[in-house]
Structures are given as C-alpha cells and as structure tokens.
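Okay, structure first, notes after.
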Amino acid sequence: MTIFGLLFVFLMFPLDGSIWSKIAWLELGFIIGLAWSFIRLSMAVLVAYHFGAGAFAVTEFLTGPFTDFFWVLSVWSLGLSTMVSAKHKQAS
Amino acid sequence: MVVILYVTFILLVVIMLFYLVRHYVFSLTALYRQKGQPNYTLHALSYRPTVSILIPARNEEAVVGALLQRITELTYPKDKLDVIVIDDASTDNTGRIAEGFAQAYNYFKVIHRGLNDGGKGKPAALNDGLKQAKGEIIICFDADYYPQIDVLEKLTAYFVDPEVAVVQGRVTVLNERATWVSRLAALERIAGYRVDQLARDDLGLIPQFGGTMGGFRRDIIEFFGGFDTKMLTEDTDLTFRVYLAGYKIRYLNDAECYEEAVEDWRAYWRQRHRWAKGHMQCFFKHLVPLLRSGNLQFREKLDGLLLLNVYFVPVLVGLSWLLGAIIFFLLPTTWLEPIGTLLPIFVYSSVGNFALFFEVGVGTYLDKRMRISWLIPLLLFSYVLNTLICTKALLDLAFSKIVGKNEHKWAKTDHNGGETEWF
C-alpha cells in the first residue's frame with residue numbers, strides 16, 4: 001500500500017484533473033488494498049494450516065508479486081481513466 | 001557456486017533497474033517535455049523530393065485494394081511519385097488487384113515474384129522493389145496500412161536535414177474493437193509510438209525504424225547493399241546500420257497510419273516470435289560495432305544497447321525470478337538473506353513492472369483514450385506470454401546457431417480486411 005501511495009502521489013497527482021478526484025481515488029485504493037491484504041492473509045493462513053509451512057512459502061513466492069501488483073495496477077488504471085476524461089474535457 | 005548465483009542475481013537486478021529507469025524517463029519525457037514535435041522549417045514545408053512507395057504484398061487481397069486506392073488520394077504531387085507493388089508470389093488475387101491499379105494510374109508498377117523466388121520474406125521482396133525505385137526517398141507501407149492523406153509531405157519534410165537518413169511515422173491500430181487481442185495490441189502500439197518513440201526522438205536517442213509507415217534515402221540503402229535478407233527484423237537491422245554509419249532517424253508522431261493488428265493469440269505468438277528472434281539476431285550482429293562506434297554519443301550507445309537487449313528482458317525477468325526461487329528455497333539462509341532476495345523481487349514487481357504499465361497509461365492519457373485504459377491490467381497476461389515467446393525465440397536461435405542454420409522462416413501475419421468498411 002505504501003508503494004501504491006507513492007506511485008499514485010508522484011505519478012497521478014501532477015496530471016490534469018480535480019485534486020478531490022485524485023484524493024478520492026487514492027483513498028479508494030487504500031481501502032481496496034486493505035481489503036485485498038485481508039483476503040490474501042486469509043488465503044495464506046488457510047494454505048499454511050492445511051498444507052504446511054512449505055506450501056505457504058511456495059505460494060507466497062509464486063503469487064506474491066502478481067497478487068499485490070494486480071490490485072495496484074487495476075486501481076491505478078481506473079483512476080487514470082478519470083484523469084483522461086478530465087484532459088479530454090479540458091481539450092474540448 | 002553460491003557466490004555465482006548471488007552475483008548473477010544481482011547483475012540481473014541491475015539490468016532490470018536500467019529498464020525501470022528507462023521506462024520512467026521515457027514516460028515522463030512524453031508527458032512533460034515534448035520540445036521537438038513537429039519542428040518543420042519553411043524549407044521543409046516546401047521540400048518535395050521524388051518519392052518511391054514500396055508495398056510488399058503476399059496474399060493480401062483482403063486489404064491491398066484499400067491501401068492502393070488511398071495512395072491515389074494522397075496529396076503529394078503525382079509527377080514526383082512512383083508506386084511499386086511487389087507481389088511476393090501471391091496465390092490469391094493480390095497481383096491482379098495491383099495490376100488493375102497499374103493500368104489505371106501510370107505511376108503504379110507491379111513486380112511479380114515467382115513461386116521459386118518469392119515468399120522468402122519482406123527484405124528480399126523490398127530488395128526487388130528497390131531495383132525498380134527511382135525516387136530519392138523510399139517510403140514503405142505494409143499492405144494492411146491506411147495512411148493520412150498528407151503523410152508524404154509530413155514524412156519527407158524531415159529529409160531536408162542531410163543527417164537524417166530515415167523518418168518513421170506513427171502506427172495506430174484500426175481493428176482495435178475486433179477482439180481482446182487486438183485491443184491489447186492497440187495498447188502496446190500506443191505505448192510504443194506515443195511514448196517510447198516520441199521520447200527517444202525528443203531526447204536525441206535512437207528512434208526505431210518500424211519497417212513500414214516510414215521512409216529512407218535511396219542512396220543510403222543502396223550504399224548498404226539493400227536489406228539483409230537473413231534478418232527477420234530488417235527494420236531494426238536498418239536502424240542500427242544507419243546509426244553506425246553516422247546518420248540519424250527521426251520519429252514524427254504527427255504522421256499517422258492505420259494498421260490491422262493481429263486478432264488472435266496464435267497470430268500474436270507468431271508475429272512476436274519473429275520480432276523477438278529478429279531483434280536477437282540484431283543484438284548479435286550489432287552489439288560489438290555499436291560499442292566500438294565512433295559515430296555515436298554515449299547516450300545513443302546506451303539507448304542502442306538497451307534497445308538491442310529489449311527482447312532478452314522478458315527472458316532475464318523469468319531467469320531472475322527462477323534464481324530468486326533457488327536462492328530462497330534451496331540455499332541455507334539466515335533471516336537476512338531471504339529479505340535480501342525477496343525485497344528486490346517485490347520492489348521490482350511493483351515499482352519496476354509498474355514502469356512498463358505506466359508507459360502504456362501515459363500513452364492512453366496523452367491520446368485522451370479513456371476506456372481503453374481500463375484494459376491495462378490485462379497486459380499482465382501478454383507480459384507473461386512475452387516471457388514465453390522470447391524464451392522460445394532465444395532457444396530457437398541458439399539451436400539454429402548450433403546446427404549452423406542461417407536461414408530463418410519468415411512468419412507472415414495474415415490480414416482479413418474486416419475493418420476496411422470504415423474507409
């Protein structure tokens with residue numbers, strides 16, 4: 001979530017669009033990130049409980065980079081589309 | 001052994017970092033810099049050299065007619081234009097369609113390559129076309145392309161500068177809505193041209209000739225002895241030959257042309273596999289001359305090196321992930337080492353991988369494309385697929401080297417002309 005926050009602030013805030021819309025997307029991103037982390041943690045606990053620590057390590061290593069990245073990317077691209085919309089309105 | 005693993009892993013991380021920085025530099029340049037587009041002088045605006053258009057076509061009956069019709073509508077003076085269609089051993093009506101235009105317009109000419117000579121790839125077809133070309137400037141179009149009406153004026157303007165040997169225009173996907181694959185291909189095109197090529201041009205690096213929707217000086221290609229028929233990406237090969245000879249390439253975002261992108265994963269695989277393999281050929285051909293060249297500045301050499309290496313990156317990402325797994329799971333570790341291994345992987349996975357998607361996002365933002373940016377997360381799939389494609393291309397190339405096979409089969413992309421009703 002820290003990485004999402006940094007990426008969002010440094011790369012999205014300088015773009016055209018309302019500051020409140022950007023803050024709203026940032027907040028929404030944090031909420032989704034938090035929910036995602038809960039789900040991920042629950043899955044990790046389930047895997048560790050049923051299949052042992054080895055399976056937990058493997059699934060974390062295999063899926064960790066993708067699972068976190070996927071929500072960051074999804075929220076960011078949805079937020080970006082609203083900035084695109086703002087730029088489009090500004091141009092027209 | 002452990003030391004070798006760690007050193008290799010660190011080296012791979014460093015290479016990834018170079019690409020991370022590169023993506024961010026290109027994206028931020030496209031967003032905030034943009035100093036040189038377009039920069040026509042009065043002389044350039046009135047400059048009208050003789051132009052030969054080369055159109056290599058193999059079994060393109062579904063699309064070639066629309067392109068040839070469009071060429072008749074171009075605003076460039078027809079007395080300074082000749083159009084050469086190279087019918088590359090087509091077994092459909094491509095040759096007949098082209099002949100129809102040649103009969104109707106005296107600046108059209110058709111070269112028919114026989115079944116024995118033809119079908120050996122685009123470079124060979126272009127070389128045949130070059131023999132007949134009379135223009136000072138050669139412009140290439142693939143048969144599925146559909147250019148702006150004033151594209152030649154825009155492209156030729158940059159040739160006023162005698163240092164410029166090649167000019168590349170922008171390619172936009174026409175059949176974007178056809179399938180999910182063509183939508184993702186459109187996103188890749190947006191990033192590649194609207195951000196990557198534009199930033200390279202602005203930063204004085206190495207914009208790449210794309211093999212089509214671009215042009216070059218005839219005397220320079222003749223000096224080179226034509227296109228290298230052994231190369232699967234004759235465009236990248238020409239890019240490096242031009243820079244090594246001390247000339248420049250300019251990219252012009254304002255000159256646009258539609259193309260028909262691939263519409264299914266099989267075609268995507270075949271096309272990208274050829275690109276990857278051809279790019280890798282260029283890496284082995286041009287790496288040493290690039291590093292030794294006295295004609296290139298340091299920043300051009302660095303960009304050239306990163307460009308030559310670009311199709312190895314997905315392989316290296318896969319390799320670093322595998323190495324990370326080995327170090328993490330198999331080697332005896334203290335508490336600190338897993339963090340040292342995992343941290344770069346996790347940070348790169350988020351910040352580093354994000355750089356690539358940020359580039360795509362910047363392209364959609366600059367193009368004011370709202371809805372297509374929703375599809376950016378789906379590029380993760382083509383990202384993983386490209387890892388497989390590039391790995392296979394590298395293995396194929398290595399196998400060809402081992403068995404001493406220098407000829408590579410040219411995988412042609414099929415076009416169905418499904419979107420030509422828009423014209």
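In the structure tokens, chains take the letters A, B, ... in the order shown, each chain's residues start at 1, and ligands count up from 1 in the order shown.
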
Which residues of chain A come within 6 Å of chain B, and what is each one's closest atom pair and distance in Å (one decimal), counting only C-alpha atoms, sorted by chain and residue number, as a tab-separated table?
```
residue	atom	partner	partner_atom	distance
A:Pro65	CA	B:Ser349	CA	5.5
A:Phe69	CA	B:Ser350	CA	5.5
A:Leu73	CA	B:Pro377	CA	5.8
A:Ser74	CA	B:Pro377	CA	5.7
A:Ser77	CA	B:Trp374	CA	5.8
A:Leu78	CA	B:Trp374	CA	5.7
A:Ser81	CA	B:Met370	CA	4.8
A:Val84	CA	B:Tyr365	CA	5.1
A:His88	CA	B:Lys368	CA	5.7
```

At a cut-off of 10 Å, using only C-alpha atoms, what residues contact stretch 93-103 of chain B? Leave out same-chain residues fewer than 3 positions from it and give the result as a PyMOL selection string.
chain B and resi 57-65+68-69+72+83-90+106-113+143

Taking only C-alpha atoms into account, which of A:Leu46, A:Phe8, A:Thr59, A:Gly54 comes nearest A:Lys22?
A:Phe8

Measure the distance from atom CA of B:Val384 to atom CA of B:Asp237 in Å and round it to one decimal.
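Distance between the two atoms: 26.3 Å.
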
Pick the closest to A:Pro14 from A:Met43, A:Leu34, A:Val75, A:Leu80: which is it, counting only C-alpha atoms?
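The answer is A:Leu80, which sits nearest to A:Pro14.
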
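Among the candidate residues B:Val21, B:Cys257, B:Ile326, B:Leu42, the one lying nearest to B:Ile71 is B:Cys257, with distances computed using only C-alpha atoms.
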
Counting only C-alpha atoms, the residue of B:Gly192, B:Gly417, B:Pro162, B:Pro123 that sits nearest B:Asp235
B:Pro123

Which residue is closest to B:Arg22? Choose from B:Glu222, B:Phe284, B:Asp196, B:Leu379 and count only C-alpha atoms.
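Counting only C-alpha atoms, the residue closest to B:Arg22 is B:Asp196.
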
Can you list, as a list of chain:residue names, every protein, DNA or RNA residue that comes within 9 Å of A:Phe4 when you count only C-alpha atoms, leaving out same-chain residues fewer than 2 positions away?
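Residues near the query, excluding close chain neighbours: A:Met1, A:Thr2, A:Leu6, A:Leu7, A:Phe8, A:Val9, A:Leu26, A:Gly29, A:Phe30, A:Gly33, A:Val72, A:Leu73, A:Trp76, B:Ser350, B:Val351.
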
Just C-alpha atoms for this one: save the residues we selected as a short mmCIF file (atom, residue, chain, number, x, y, z; two decimals), in the first residue's frame.
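Now in part.cif:
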```cif
data_model
loop_
_atom_site.label_atom_id
_atom_site.label_comp_id
_atom_site.auth_asym_id
_atom_site.auth_seq_id
_atom_site.Cartn_x
_atom_site.Cartn_y
_atom_site.Cartn_z
CA MET A 1 0.00 0.00 0.00
CA THR A 2 2.99 2.27 0.64
CA LEU A 6 3.93 6.69 -3.54
CA LEU A 7 3.26 5.74 -7.14
CA PHE A 8 -0.14 7.37 -7.07
CA VAL A 9 1.02 10.60 -5.45
CA LEU A 26 -6.09 7.40 -3.50
CA GLY A 29 -7.03 2.50 -3.49
CA PHE A 30 -6.10 2.25 0.19
CA GLY A 33 -5.56 -2.52 -0.77
CA VAL A 72 -2.30 -1.66 -7.66
CA LEU A 73 -2.49 -1.72 -11.44
CA TRP A 76 -4.36 3.00 -10.85
CA SER B 350 5.55 -3.38 -8.02
CA VAL B 351 7.64 -0.33 -8.94
#
```

Could you find all residues in stretch 250-321 of chain B that DSSP calls strand (DSSP E) from the backbone, and write them as an mmCIF file with N, CA and C atoms, in the first residue's frame?
```
data_model
loop_
_atom_site.group_PDB
_atom_site.id
_atom_site.type_symbol
_atom_site.label_atom_id
_atom_site.label_comp_id
_atom_site.auth_asym_id
_atom_site.auth_seq_id
_atom_site.Cartn_x
_atom_site.Cartn_y
_atom_site.Cartn_z
ATOM 1 N N ARG B 250 14.550 10.139 -37.451
ATOM 2 C CA ARG B 250 13.593 10.993 -36.754
ATOM 3 C C ARG B 250 12.250 10.288 -36.686
ATOM 4 N N TYR B 251 11.559 10.496 -35.579
ATOM 5 C CA TYR B 251 10.203 9.971 -35.422
ATOM 6 C C TYR B 251 9.227 11.139 -35.496
ATOM 7 N N LEU B 252 8.155 10.949 -36.211
ATOM 8 C CA LEU B 252 7.176 12.010 -36.378
ATOM 9 C C LEU B 252 5.809 11.501 -35.910
ATOM 10 N N ASN B 253 5.394 11.968 -34.759
ATOM 11 C CA ASN B 253 4.127 11.492 -34.172
ATOM 12 C C ASN B 253 2.912 11.992 -34.952
ATOM 13 N N ASP B 254 3.129 13.089 -35.657
ATOM 14 C CA ASP B 254 2.045 13.759 -36.369
ATOM 15 C C ASP B 254 1.646 13.015 -37.657
ATOM 16 N N ALA B 255 2.535 12.215 -38.187
ATOM 17 C CA ALA B 255 2.247 11.461 -39.421
ATOM 18 C C ALA B 255 1.698 10.102 -39.018
ATOM 19 N N GLU B 256 0.411 9.886 -39.259
ATOM 20 C CA GLU B 256 -0.222 8.671 -38.742
ATOM 21 C C GLU B 256 -0.735 7.746 -39.845
ATOM 22 N N CYS B 257 -0.813 6.505 -39.474
ATOM 23 C CA CYS B 257 -1.283 5.494 -40.422
ATOM 24 C C CYS B 257 -1.984 4.388 -39.640
ATOM 25 N N TYR B 258 -3.105 3.914 -40.164
ATOM 26 C CA TYR B 258 -3.796 2.795 -39.525
ATOM 27 C C TYR B 258 -3.188 1.468 -39.966
ATOM 28 N N GLU B 259 -3.260 0.488 -39.083
ATOM 29 C CA GLU B 259 -2.847 -0.871 -39.451
ATOM 30 C C GLU B 259 -3.866 -1.862 -38.918
#
```

Counting only C-alpha atoms, which of B:Leu11, B:Val317, B:Leu394, B:Ala133 gets nearest to B:Gln281?
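Among the listed residues, the smallest separation from B:Gln281 belongs to B:Leu394.
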
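Neighbours of B:Tyr247 closer than or equal to 7 Å, with only C-alpha atoms counted and sequence neighbours fewer than 4 positions away skipped, come out as Glu163, Val164, Ala165, Val242 and Tyr243 of chain B.
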
Just-selected residues, N, CA and C atoms written as an mmCIF file, in the first residue's frame:
```cif
data_model
loop_
_atom_site.group_PDB
_atom_site.id
_atom_site.type_symbol
_atom_site.label_atom_id
_atom_site.label_comp_id
_atom_site.auth_asym_id
_atom_site.auth_seq_id
_atom_site.Cartn_x
_atom_site.Cartn_y
_atom_site.Cartn_z
ATOM 1 N N GLU B 163 21.533 15.007 -42.388
ATOM 2 C CA GLU B 163 21.942 13.966 -41.424
ATOM 3 C C GLU B 163 20.857 12.915 -41.224
ATOM 4 N N VAL B 164 19.625 13.272 -41.595
ATOM 5 C CA VAL B 164 18.507 12.343 -41.379
ATOM 6 C C VAL B 164 18.445 11.353 -42.543
ATOM 7 N N ALA B 165 18.590 10.079 -42.212
ATOM 8 C CA ALA B 165 18.547 9.046 -43.256
ATOM 9 C C ALA B 165 17.221 8.321 -43.271
ATOM 10 N N VAL B 242 22.074 2.442 -39.936
ATOM 11 C CA VAL B 242 22.006 3.892 -40.171
ATOM 12 C C VAL B 242 22.807 4.641 -39.106
ATOM 13 N N TYR B 243 22.584 4.295 -37.845
ATOM 14 C CA TYR B 243 23.296 4.999 -36.765
ATOM 15 C C TYR B 243 24.791 4.706 -36.783
#
```

Give me, please, the distance in Å between atom CA of B:Glu407 and atom CA of B:Glu234, quoted to one decimal.
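Atom CA of B:Glu407 sits 13.9 Å away from atom CA of B:Glu234.
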
List every residue of stretch 157-305 of chain B that DSSP, applied to the backbone of this structure, assigns to helix (DSSP H, G or I), and report them as number ranges by chain.
B: 157-160, 180-202, 218-223, 234-244, 265-292, 298-305

12 Å contact set for B:Val171, only C-alpha atoms, chain neighbours under 5 positions out, as a ChimeraX atom specification:
/B:141-142,144-148,151,185-194,197,209-214,251-261
